[in-house]
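*Asks:* Contents of coords.cif (mmCIF, C-alpha atoms) are given next:
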data_entry
#
loop_
_atom_site.label_atom_id
_atom_site.label_comp_id
_atom_site.auth_asym_id
_atom_site.auth_seq_id
_atom_site.Cartn_x
_atom_site.Cartn_y
_atom_site.Cartn_z
CA MET A 1 43.91 10.67 -27.57
CA GLU A 2 44.69 7.03 -26.87
CA LEU A 3 43.05 5.27 -23.95
CA LYS A 4 45.11 4.68 -20.83
CA LEU A 5 44.26 1.13 -19.83
CA ASN A 6 45.20 -1.11 -16.94
CA ARG A 7 43.36 -4.03 -18.49
CA PRO A 8 41.69 -4.69 -21.87
CA ILE A 9 38.38 -3.09 -22.74
CA CYS A 10 35.88 -4.56 -25.20
CA PHE A 11 33.69 -2.13 -27.08
CA PHE A 12 30.71 -3.99 -28.49
CA ASP A 13 27.36 -3.53 -30.13
CA LEU A 14 24.38 -5.81 -30.64
CA GLU A 15 21.73 -5.99 -33.32
CA THR A 16 18.70 -7.84 -32.01
CA THR A 17 15.20 -9.10 -32.68
CA GLY A 18 13.80 -6.34 -30.48
CA ILE A 19 14.31 -4.37 -27.28
CA ASP A 20 12.93 -6.73 -24.62
CA VAL A 21 16.05 -7.78 -22.71
CA SER A 22 14.53 -10.97 -21.31
CA LYS A 23 12.82 -12.21 -24.48
CA ASP A 24 14.65 -10.85 -27.51
CA ARG A 25 17.77 -12.38 -29.05
CA ILE A 26 21.01 -11.28 -30.69
CA VAL A 27 21.23 -11.42 -34.49
CA GLU A 28 24.65 -9.76 -34.79
CA ILE A 29 27.42 -9.00 -32.34
CA SER A 30 30.59 -7.05 -33.00
CA ILE A 31 33.43 -6.76 -30.47
CA PHE A 32 36.46 -4.49 -30.71
CA LYS A 33 39.01 -5.31 -28.02
CA VAL A 34 41.71 -2.82 -27.07
CA PHE A 35 44.70 -3.99 -25.02
CA PRO A 36 46.76 -1.81 -22.64
CA ASN A 37 49.71 -1.89 -25.05
CA GLY A 38 47.55 -0.41 -27.81
CA THR A 39 47.06 -3.56 -29.89
CA THR A 40 43.54 -4.41 -30.95
CA GLU A 41 41.45 -7.41 -31.90
CA SER A 42 38.03 -7.41 -33.54
CA LYS A 43 35.39 -9.96 -34.37
CA THR A 44 31.87 -9.81 -35.79
CA TRP A 45 29.38 -12.65 -35.87
CA LEU A 46 25.98 -13.01 -37.48
CA VAL A 47 23.77 -15.06 -35.18
CA ASN A 48 20.74 -17.26 -35.77
CA PRO A 49 18.41 -16.11 -32.97
CA THR A 50 16.27 -19.29 -33.19
CA ILE A 51 13.17 -17.07 -33.19
CA PRO A 52 11.72 -15.05 -36.09
CA ILE A 53 13.14 -11.57 -36.66
CA PRO A 54 10.20 -9.11 -36.77
CA ALA A 55 9.94 -7.03 -39.92
CA GLN A 56 10.28 -3.81 -37.92
CA ALA A 57 13.59 -5.00 -36.50
CA SER A 58 14.88 -6.01 -39.94
CA ALA A 59 13.92 -2.56 -41.21
CA VAL A 60 16.30 -1.04 -38.65
CA HIS A 61 19.39 -3.24 -39.05
CA GLY A 62 18.80 -4.92 -42.42
CA ILE A 63 19.23 -8.46 -41.08
CA THR A 64 16.49 -10.79 -42.26
CA ASN A 65 15.48 -14.33 -41.34
CA GLU A 66 16.91 -15.53 -44.65
CA LYS A 67 20.26 -13.87 -44.00
CA ILE A 68 20.88 -15.70 -40.73
CA ALA A 69 19.21 -19.02 -41.55
CA ASN A 70 22.52 -20.87 -41.83
CA GLU A 71 24.45 -18.90 -39.20
CA PRO A 72 25.42 -20.37 -35.81
CA THR A 73 23.17 -19.86 -32.78
CA PHE A 74 24.40 -17.86 -29.81
CA ASN A 75 24.72 -21.09 -27.85
CA GLU A 76 27.28 -22.20 -30.42
CA LEU A 77 29.14 -18.88 -30.27
CA ALA A 78 28.86 -18.22 -26.53
CA SER A 79 32.25 -19.70 -25.61
CA GLN A 80 34.06 -17.55 -28.18
CA VAL A 81 32.26 -14.41 -27.02
CA HIS A 82 32.88 -15.21 -23.37
CA ASN A 83 36.56 -15.91 -23.94
CA MET A 84 36.99 -12.61 -25.74
CA ILE A 85 35.42 -10.48 -22.99
CA LYS A 86 36.15 -12.44 -19.80
CA ASP A 87 39.31 -10.49 -18.88
CA SER A 88 37.99 -7.11 -20.01
CA ASP A 89 36.01 -4.07 -19.04
CA LEU A 90 33.12 -3.24 -21.39
CA GLY A 91 32.28 -0.19 -23.49
CA GLY A 92 29.39 0.78 -25.72
CA PHE A 93 26.74 3.32 -26.63
CA ASN A 94 23.69 2.93 -24.38
CA SER A 95 25.37 -0.30 -23.34
CA ASP A 96 24.56 -0.01 -19.64
CA ARG A 97 20.84 0.05 -20.33
CA PHE A 98 20.60 -2.38 -23.24
CA ASP A 99 23.61 -4.17 -24.72
CA ILE A 100 25.18 -5.41 -21.48
CA PRO A 101 21.87 -6.60 -19.97
CA LEU A 102 20.92 -8.46 -23.15
CA LEU A 103 24.38 -9.98 -23.56
CA ALA A 104 24.20 -11.13 -19.94
CA GLU A 105 20.90 -12.87 -20.64
CA GLU A 106 22.29 -14.66 -23.69
CA LEU A 107 25.42 -15.82 -21.84
CA LEU A 108 23.46 -17.03 -18.83
CA ARG A 109 20.99 -18.76 -21.12
CA ALA A 110 23.94 -20.55 -22.73
CA GLY A 111 25.13 -21.74 -19.31
CA LEU A 112 28.05 -19.31 -18.96
CA ASP A 113 28.31 -17.17 -15.85
CA PHE A 114 28.38 -13.40 -16.25
CA ASP A 115 28.43 -10.51 -13.84
CA MET A 116 29.97 -7.06 -13.47
CA LYS A 117 31.60 -7.59 -10.07
CA ASN A 118 35.16 -7.67 -11.35
CA ARG A 119 34.84 -5.27 -14.27
CA VAL A 120 33.56 -1.81 -15.07
CA SER A 121 31.61 -0.44 -18.01
CA VAL A 122 31.93 2.81 -19.95
CA ASP A 123 28.73 4.00 -21.59
CA VAL A 124 29.71 6.57 -24.22
CA GLN A 125 26.11 7.74 -24.55
CA THR A 126 26.10 8.83 -20.92
CA ILE A 127 29.25 10.88 -21.46
CA PHE A 128 27.56 12.52 -24.45
CA HIS A 129 24.46 13.34 -22.43
CA LYS A 130 26.43 14.70 -19.49
CA LYS A 131 28.94 16.78 -21.44
CA GLU A 132 26.76 18.34 -24.11
CA GLU A 133 24.40 21.07 -23.02
CA ARG A 134 21.16 19.74 -21.57
CA THR A 135 19.82 23.01 -20.16
CA LEU A 136 16.26 24.23 -20.48
CA SER A 137 17.48 26.94 -22.86
CA ALA A 138 19.06 24.30 -25.10
CA ALA A 139 15.90 22.18 -24.98
CA TYR A 140 13.73 25.18 -25.85
CA LYS A 141 15.94 26.00 -28.81
CA PHE A 142 15.97 22.39 -30.03
CA TYR A 143 12.29 21.53 -29.59
CA CYS A 144 10.61 24.91 -30.00
CA ASN A 145 13.11 26.58 -32.31
CA GLY A 146 13.15 29.65 -30.12
CA SER A 147 15.40 31.64 -27.84
CA LEU A 148 14.49 31.52 -24.17
CA GLU A 149 14.33 35.11 -22.95
CA ASN A 150 14.83 35.75 -19.25
CA ALA A 151 16.23 32.27 -18.60
CA HIS A 152 16.37 31.41 -14.91
CA SER A 153 13.43 33.61 -14.08
CA ALA A 154 10.81 31.33 -12.55
CA GLU A 155 7.99 32.41 -14.86
CA ALA A 156 10.01 32.09 -18.09
CA ASP A 157 11.42 28.70 -17.12
CA THR A 158 8.00 27.42 -16.07
CA MET A 159 6.38 28.37 -19.36
CA ALA A 160 9.34 27.07 -21.38
CA THR A 161 9.13 23.71 -19.63
CA TYR A 162 5.43 23.47 -20.49
CA GLU A 163 6.10 24.36 -24.14
CA VAL A 164 9.00 21.89 -24.39
CA LEU A 165 6.85 19.02 -23.10
CA LYS A 166 4.11 19.76 -25.64
CA ALA A 167 6.73 19.90 -28.40
CA GLN A 168 8.19 16.59 -27.25
CA LEU A 169 4.76 14.98 -27.43
CA ASP A 170 4.40 16.33 -30.97
CA ARG A 171 7.84 15.12 -32.02
CA TYR A 172 7.90 11.60 -30.54
CA ASP A 173 5.02 9.34 -31.51
CA ASP A 174 5.92 6.75 -28.87
CA LEU A 175 5.42 9.20 -26.00
CA GLN A 176 1.98 8.78 -24.46
CA ASN A 177 0.04 11.91 -23.66
CA ASP A 178 -0.71 10.63 -20.19
CA THR A 179 0.70 12.05 -16.98
CA LYS A 180 1.08 8.73 -15.18
CA TRP A 181 2.84 7.18 -18.19
CA LEU A 182 5.14 10.18 -18.53
CA SER A 183 5.94 10.02 -14.83
CA GLU A 184 7.00 6.39 -15.09
CA PHE A 185 8.95 7.14 -18.28
CA THR A 186 10.94 9.89 -16.63
CA THR A 187 11.62 8.14 -13.31
CA ARG A 188 15.15 6.85 -12.91
CA LYS A 189 15.87 4.29 -10.23
CA LYS A 190 19.26 2.98 -9.17
CA SER A 191 18.74 -0.63 -10.11
CA VAL A 192 20.68 -3.59 -8.78
CA ASP A 193 19.69 -5.92 -11.59
CA PHE A 194 19.83 -4.62 -15.16
CA ALA A 195 16.08 -4.70 -15.69
CA GLY A 196 15.21 -2.54 -12.67
CA PHE A 197 13.08 -5.04 -10.75
CA ILE A 198 15.43 -4.66 -7.77
CA ALA A 199 16.74 -1.22 -6.83
CA LEU A 200 18.55 0.49 -3.98
CA ASN A 201 16.62 2.69 -1.57
CA ASN A 202 18.01 5.87 -0.04
CA GLU A 203 19.84 3.79 2.54
CA GLY A 204 21.55 1.66 -0.10
CA LYS A 205 19.48 -1.44 0.65
CA GLU A 206 17.84 -3.62 -2.02
CA ILE A 207 14.10 -3.19 -2.51
CA PHE A 208 11.58 -4.62 -4.95
CA THR A 209 10.27 -2.08 -7.46
CA PHE A 210 7.17 -3.96 -8.64
CA GLY A 211 4.11 -5.90 -7.55
CA LYS A 212 2.66 -6.39 -4.10
CA ASN A 213 6.07 -6.01 -2.42
CA LYS A 214 7.00 -2.81 -4.21
CA GLY A 215 9.21 -0.65 -1.98
CA GLN A 216 9.85 -3.41 0.54
CA LEU A 217 13.30 -4.70 1.46
CA VAL A 218 14.21 -7.79 -0.54
CA GLU A 219 15.76 -9.55 2.45
CA GLU A 220 12.65 -9.00 4.57
CA VAL A 221 10.31 -10.23 1.84
CA LEU A 222 12.37 -13.38 1.27
CA GLU A 223 12.38 -14.09 5.00
CA LYS A 224 8.67 -13.60 5.66
CA GLU A 225 7.50 -15.02 2.32
CA PRO A 226 9.91 -17.78 1.18
CA GLY A 227 7.65 -18.79 -1.70
CA TYR A 228 8.14 -15.41 -3.38
CA TYR A 229 11.69 -16.37 -4.30
CA GLY A 230 10.48 -19.58 -5.94
CA TRP A 231 7.77 -17.72 -7.81
CA ILE A 232 10.25 -15.28 -9.33
CA GLN A 233 12.65 -18.08 -10.25
CA GLY A 234 9.85 -19.91 -12.07
CA ALA A 235 8.33 -16.85 -13.74
CA ASP A 236 9.34 -14.97 -16.87
CA PHE A 237 11.90 -12.65 -15.26
CA PRO A 238 15.34 -11.94 -16.78
CA LEU A 239 17.97 -14.49 -15.84
CA TYR A 240 20.22 -11.78 -14.43
CA THR A 241 17.42 -10.62 -12.11
CA LYS A 242 17.08 -14.18 -10.85
CA LYS A 243 20.84 -14.38 -10.39
CA VAL A 244 20.89 -11.16 -8.33
CA LEU A 245 17.98 -12.37 -6.21
CA THR A 246 19.77 -15.64 -5.55
CA SER A 247 22.92 -13.80 -4.45
CA ILE A 248 20.86 -11.71 -1.98
CA LYS A 249 19.20 -14.85 -0.64
CA LEU A 250 22.56 -16.62 -0.21
CA ARG A 251 24.08 -13.55 1.42
CA LYS A 252 21.29 -13.53 3.99
CA LEU A 253 21.72 -17.25 4.67
CA ASN A 254 25.48 -16.84 5.11
CA THR A 255 24.91 -13.94 7.48
CA LYS A 256 22.63 -16.11 9.58
CA GLY A 257 25.24 -18.85 9.62
#
Please lay out the structure from this file as C-alpha cells.
*Replies:*
Amino acid sequence: MELKLNRPICFFDLETTGIDVSKDRIVEISIFKVFPNGTTESKTWLVNPTIPIPAQASAVHGITNEKIANEPTFNELASQVHNMIKDSDLGGFNSDRFDIPLLAEELLRAGLDFDMKNRVSVDVQTIFHKKEERTLSAAYKFYCNGSLENAHSAEADTMATYEVLKAQLDRYDDLQNDTKWLSEFTTRKKSVDFAGFIALNNEGKEIFTFGKNKGQLVEEVLEKEPGYYGWIQGADFPLYTKKVLTSIKLRKLNTKG
C-alpha cells in the first residue's frame, strides 16, 4: 500500500557514537524522502563525529574511527540535511525517542533551528508495539515458554506477572535487579522536550521532572527563581531542552506584556 501524503515525509536512521542524546554524535545518516506524487529521493552520508567512536559502538554498526577520518563533520553537512528535511514530516524506527532528539541536537549545535511545531513524526516501532499482541499471555509465552492457564483470573495473572519479571531479569543483562531502578525504567512521562526534563502534568502544564524543583510548574519556578533558567542554560543539558525552556520563558514574558 502506498502512502497517502499531503506533504513529503523523510524516513531516516542514524548510526552514532552512543546513546546519550546530548553528548553523542552522528557517524552515519541516511534519509529516504517520499513526495506526495510518489517520487523519492535518498541520500546517505558518513560523518566524522569529531570525537572518538567507542569500540562497543563500532561493534554494533561497523563504523570505525579510521573509516570516517576523512569524512565531513556534521557541521559541514548540516545545511544539506536541513534542506532535505525542512519541508517534511519525519519517520523512523524508535525515532521519537532517539533519532529525532539526537538529530535536533546536531542541527542546533550547527546553528540551524529545528523544532516539531510545523511537522509530525511517525514512529514505526510504536505502531509495531501497539498492533502486535502485548498481553500478559503473550509475554508469558515469550519469556517463560509456557501457556498461561486461567488467563484473566486474578491469581493466575498475578503469578504470571511475577514469573515474567524474573524471566526478564534473567534475559536482559542491562536490567538492574532493584525495585527503584525498575520503577524508573518503566515510568513513562509525557515530555515536552525530547530528553524528558520537562513534562506535562495532568492539567497539561509544564513541570520539571528532576532536581530540587521536580514536580513544580516551570513558569512558577522561573518567576520565583530567575537564576534557575541561567543555570540550566549554562549546564550540560540538551540544546533542545534549553530551547524549550527559553520558549516557555518568552511565552510568560509576552503574557505579562
*Asks:* Which residue, A:Asp115, A:Asp174, A:Asp24, A:Asp236, has the smallest gap to A:Asp87 when you use all atoms listed in the file?
*Replies:* A:Asp115
*Asks:* Run the PyMOL selection byres ((chain A and resi 126-139) around 12) on the file and write out the hits as a PyMOL selection string.
*Replies:* chain A and resi 91-97+121-125+140-154+156-165+167-168
*Asks:* Expressed in Å to a single decimal, how great is the separation between atom CA of A:Asp89 and atom CA of A:Glu71?
*Replies:* 27.6 Å
*Asks:* If the PyMOL selection byres ((chain A and resi 9) around 6) were run on this exact file, what residues would it hold? Put them as a list in words.
*Replies:* Pro8, Cys10, Lys33, Val34, Ser88, Asp89 and Leu90 of chain A
*Asks:* List the spatial neighbours of A:Asn177 as a list in words - criterion: any atom at most 10 Å away, all atoms listed in the file, same-chain residues fewer than 6 positions off excluded.
*Replies:*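 Counting only the stated atoms, we get Leu165, Lys166, Leu169 and Asp170 of chain A.
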*Asks:* Given all atoms listed in the file as the basis, pick out the residue of A:Lys205, A:Lys180, A:Lys243, A:Lys4 nearest to A:Leu108.
*Replies:*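 Among the listed residues, A:Lys243 lies closest to A:Leu108.
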*Asks:* Show me the residues around (15.8, -6.6, -27.8) - criterion: an atom at most 12 Å away, all atoms listed in the file counted - as a ChimeraX atom specification.
*Replies:* /A:14-28,49,53-54,56-57,97-103,105-106
*Asks:* Mind pulling up the distance from atom CA of A:Asn48 to atom CA of A:Phe197?
*Replies:* 28.9 Å
*Asks:* Take the point (7.6, -13.6, -1.9) in the file's coordinates, draw a sphere of radius 12 Å around it, and report as a VMD selection string every protein, DNA or RNA residue with an atom inside or on it, counting all atoms listed in the file.
*Replies:* chain A and resid 208 210 to 214 216 to 233 245 249
*Asks:* Any chance you could work out the residue set of the PyMOL selection byres ((chain A and resi 37) around 10) here, as a PyMOL selection string?
*Replies:* chain A and resi 3-8+34-36+38-40
*Asks:* Write out as number ranges by chain which residues come within 8 Å of A:Ile31 when counting all atoms listed in the file, dropping same-chain ones fewer than 2 positions away.
*Replies:* A: 10-13, 29, 33, 42-44
*Asks:* Would you kindly return, as a ChimeraX atom specification, each protein, DNA or RNA residue with an atom no farther than 9 Å from any atom of A:Thr50, considering all atoms listed in the file and excluding same-chain residues fewer than 4 positions away?
*Replies:* /A:25,69,73-74
*Asks:* Report, in Å to a single decimal, how far apart atom CA of A:Tyr240 and atom CA of A:Ala55 are.
*Replies:* 27.9 Å
*Asks:* Pick from A:Met84, A:Leu112, A:Ile68, A:Ala59: nearest to A:Leu239, with all atoms listed in the file counted?
*Replies:*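 Among A:Met84, A:Leu112, A:Ile68, A:Ala59, it is A:Leu112 that comes nearest to A:Leu239.
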*Asks:* Mind filling out stretch 178-214 of chain A with N, CA and C atoms and sending it as a tab-separated table (two decimals), in the coordinates of the input?
*Replies:*
chain	number	residue	atom	x	y	z
A	178	ASP	N	-0.08	11.08	-21.43
A	178	ASP	CA	-0.71	10.63	-20.19
A	178	ASP	C	0.26	10.90	-19.04
A	179	THR	N	-0.20	11.61	-18.05
A	179	THR	CA	0.70	12.05	-16.98
A	179	THR	C	1.33	10.89	-16.23
A	180	LYS	N	0.53	9.88	-15.91
A	180	LYS	CA	1.08	8.73	-15.18
A	180	LYS	C	2.15	8.03	-16.00
A	181	TRP	N	1.88	7.83	-17.31
A	181	TRP	CA	2.84	7.18	-18.19
A	181	TRP	C	4.13	8.00	-18.26
A	182	LEU	N	3.98	9.32	-18.42
A	182	LEU	CA	5.14	10.18	-18.53
A	182	LEU	C	5.95	10.19	-17.23
A	183	SER	N	5.25	10.08	-16.11
A	183	SER	CA	5.94	10.02	-14.83
A	183	SER	C	6.81	8.78	-14.73
A	184	GLU	N	6.24	7.64	-15.13
A	184	GLU	CA	7.00	6.39	-15.09
A	184	GLU	C	8.16	6.43	-16.08
A	185	PHE	N	7.92	7.05	-17.24
A	185	PHE	CA	8.95	7.14	-18.28
A	185	PHE	C	10.14	7.97	-17.82
A	186	THR	N	9.87	8.97	-17.02
A	186	THR	CA	10.94	9.89	-16.63
A	186	THR	C	11.53	9.59	-15.25
A	187	THR	N	11.08	8.52	-14.61
A	187	THR	CA	11.62	8.14	-13.31
A	187	THR	C	12.85	7.27	-13.49
A	188	ARG	N	13.92	7.63	-12.84
A	188	ARG	CA	15.15	6.85	-12.91
A	188	ARG	C	15.46	6.27	-11.53
A	189	LYS	N	15.54	4.96	-11.48
A	189	LYS	CA	15.87	4.29	-10.23
A	189	LYS	C	17.28	3.71	-10.33
A	190	LYS	N	17.95	3.61	-9.21
A	190	LYS	CA	19.26	2.98	-9.17
A	190	LYS	C	19.05	1.49	-9.02
A	191	SER	N	19.07	0.78	-10.13
A	191	SER	CA	18.74	-0.63	-10.11
A	191	SER	C	19.94	-1.49	-9.75
A	192	VAL	N	19.65	-2.63	-9.13
A	192	VAL	CA	20.68	-3.59	-8.78
A	192	VAL	C	20.81	-4.62	-9.90
A	193	ASP	N	19.67	-5.08	-10.40
A	193	ASP	CA	19.69	-5.92	-11.59
A	193	ASP	C	19.61	-4.98	-12.80
A	194	PHE	N	19.85	-5.49	-13.97
A	194	PHE	CA	19.83	-4.62	-15.16
A	194	PHE	C	18.42	-4.13	-15.48
A	195	ALA	N	17.43	-4.99	-15.24
A	195	ALA	CA	16.08	-4.70	-15.69
A	195	ALA	C	15.33	-3.73	-14.78
A	196	GLY	N	15.84	-3.50	-13.57
A	196	GLY	CA	15.21	-2.54	-12.67
A	196	GLY	C	14.14	-3.12	-11.77
A	197	PHE	N	14.05	-4.43	-11.66
A	197	PHE	CA	13.08	-5.04	-10.75
A	197	PHE	C	13.54	-4.94	-9.29
A	198	ILE	N	14.86	-4.81	-9.10
A	198	ILE	CA	15.43	-4.66	-7.77
A	198	ILE	C	16.30	-3.40	-7.78
A	199	ALA	N	16.01	-2.49	-6.87
A	199	ALA	CA	16.74	-1.22	-6.83
A	199	ALA	C	17.26	-0.97	-5.42
A	200	LEU	N	18.05	0.09	-5.29
A	200	LEU	CA	18.55	0.49	-3.98
A	200	LEU	C	17.70	1.64	-3.45
A	201	ASN	N	17.33	1.57	-2.17
A	201	ASN	CA	16.62	2.69	-1.57
A	201	ASN	C	17.62	3.75	-1.12
A	202	ASN	N	17.14	4.77	-0.45
A	202	ASN	CA	18.01	5.87	-0.04
A	202	ASN	C	19.07	5.45	0.96
A	203	GLU	N	18.87	4.30	1.59
A	203	GLU	CA	19.84	3.79	2.54
A	203	GLU	C	20.79	2.78	1.92
A	204	GLY	N	20.67	2.59	0.60
A	204	GLY	CA	21.55	1.66	-0.10
A	204	GLY	C	21.18	0.20	0.08
A	205	LYS	N	19.93	-0.06	0.46
A	205	LYS	CA	19.48	-1.44	0.65
A	205	LYS	C	18.56	-1.85	-0.49
A	206	GLU	N	18.62	-3.14	-0.88
A	206	GLU	CA	17.84	-3.62	-2.02
A	206	GLU	C	16.35	-3.66	-1.70
A	207	ILE	N	15.56	-3.14	-2.62
A	207	ILE	CA	14.10	-3.19	-2.51
A	207	ILE	C	13.51	-3.69	-3.82
A	208	PHE	N	12.32	-4.27	-3.74
A	208	PHE	CA	11.58	-4.62	-4.95
A	208	PHE	C	10.92	-3.36	-5.51
A	209	THR	N	10.85	-3.27	-6.83
A	209	THR	CA	10.27	-2.08	-7.46
A	209	THR	C	8.95	-2.38	-8.16
A	210	PHE	N	8.37	-3.57	-7.91
A	210	PHE	CA	7.17	-3.96	-8.64
A	210	PHE	C	6.27	-4.80	-7.73
A	211	GLY	N	5.03	-4.96	-8.17
A	211	GLY	CA	4.11	-5.90	-7.55
A	211	GLY	C	3.72	-5.57	-6.12
A	212	LYS	N	3.21	-6.59	-5.44
A	212	LYS	CA	2.66	-6.39	-4.10
A	212	LYS	C	3.72	-6.00	-3.08
A	213	ASN	N	4.99	-6.34	-3.35
A	213	ASN	CA	6.07	-6.01	-2.42
A	213	ASN	C	6.88	-4.80	-2.85
A	214	LYS	N	6.31	-3.99	-3.71
A	214	LYS	CA	7.00	-2.81	-4.21
A	214	LYS	C	7.42	-1.91	-3.04
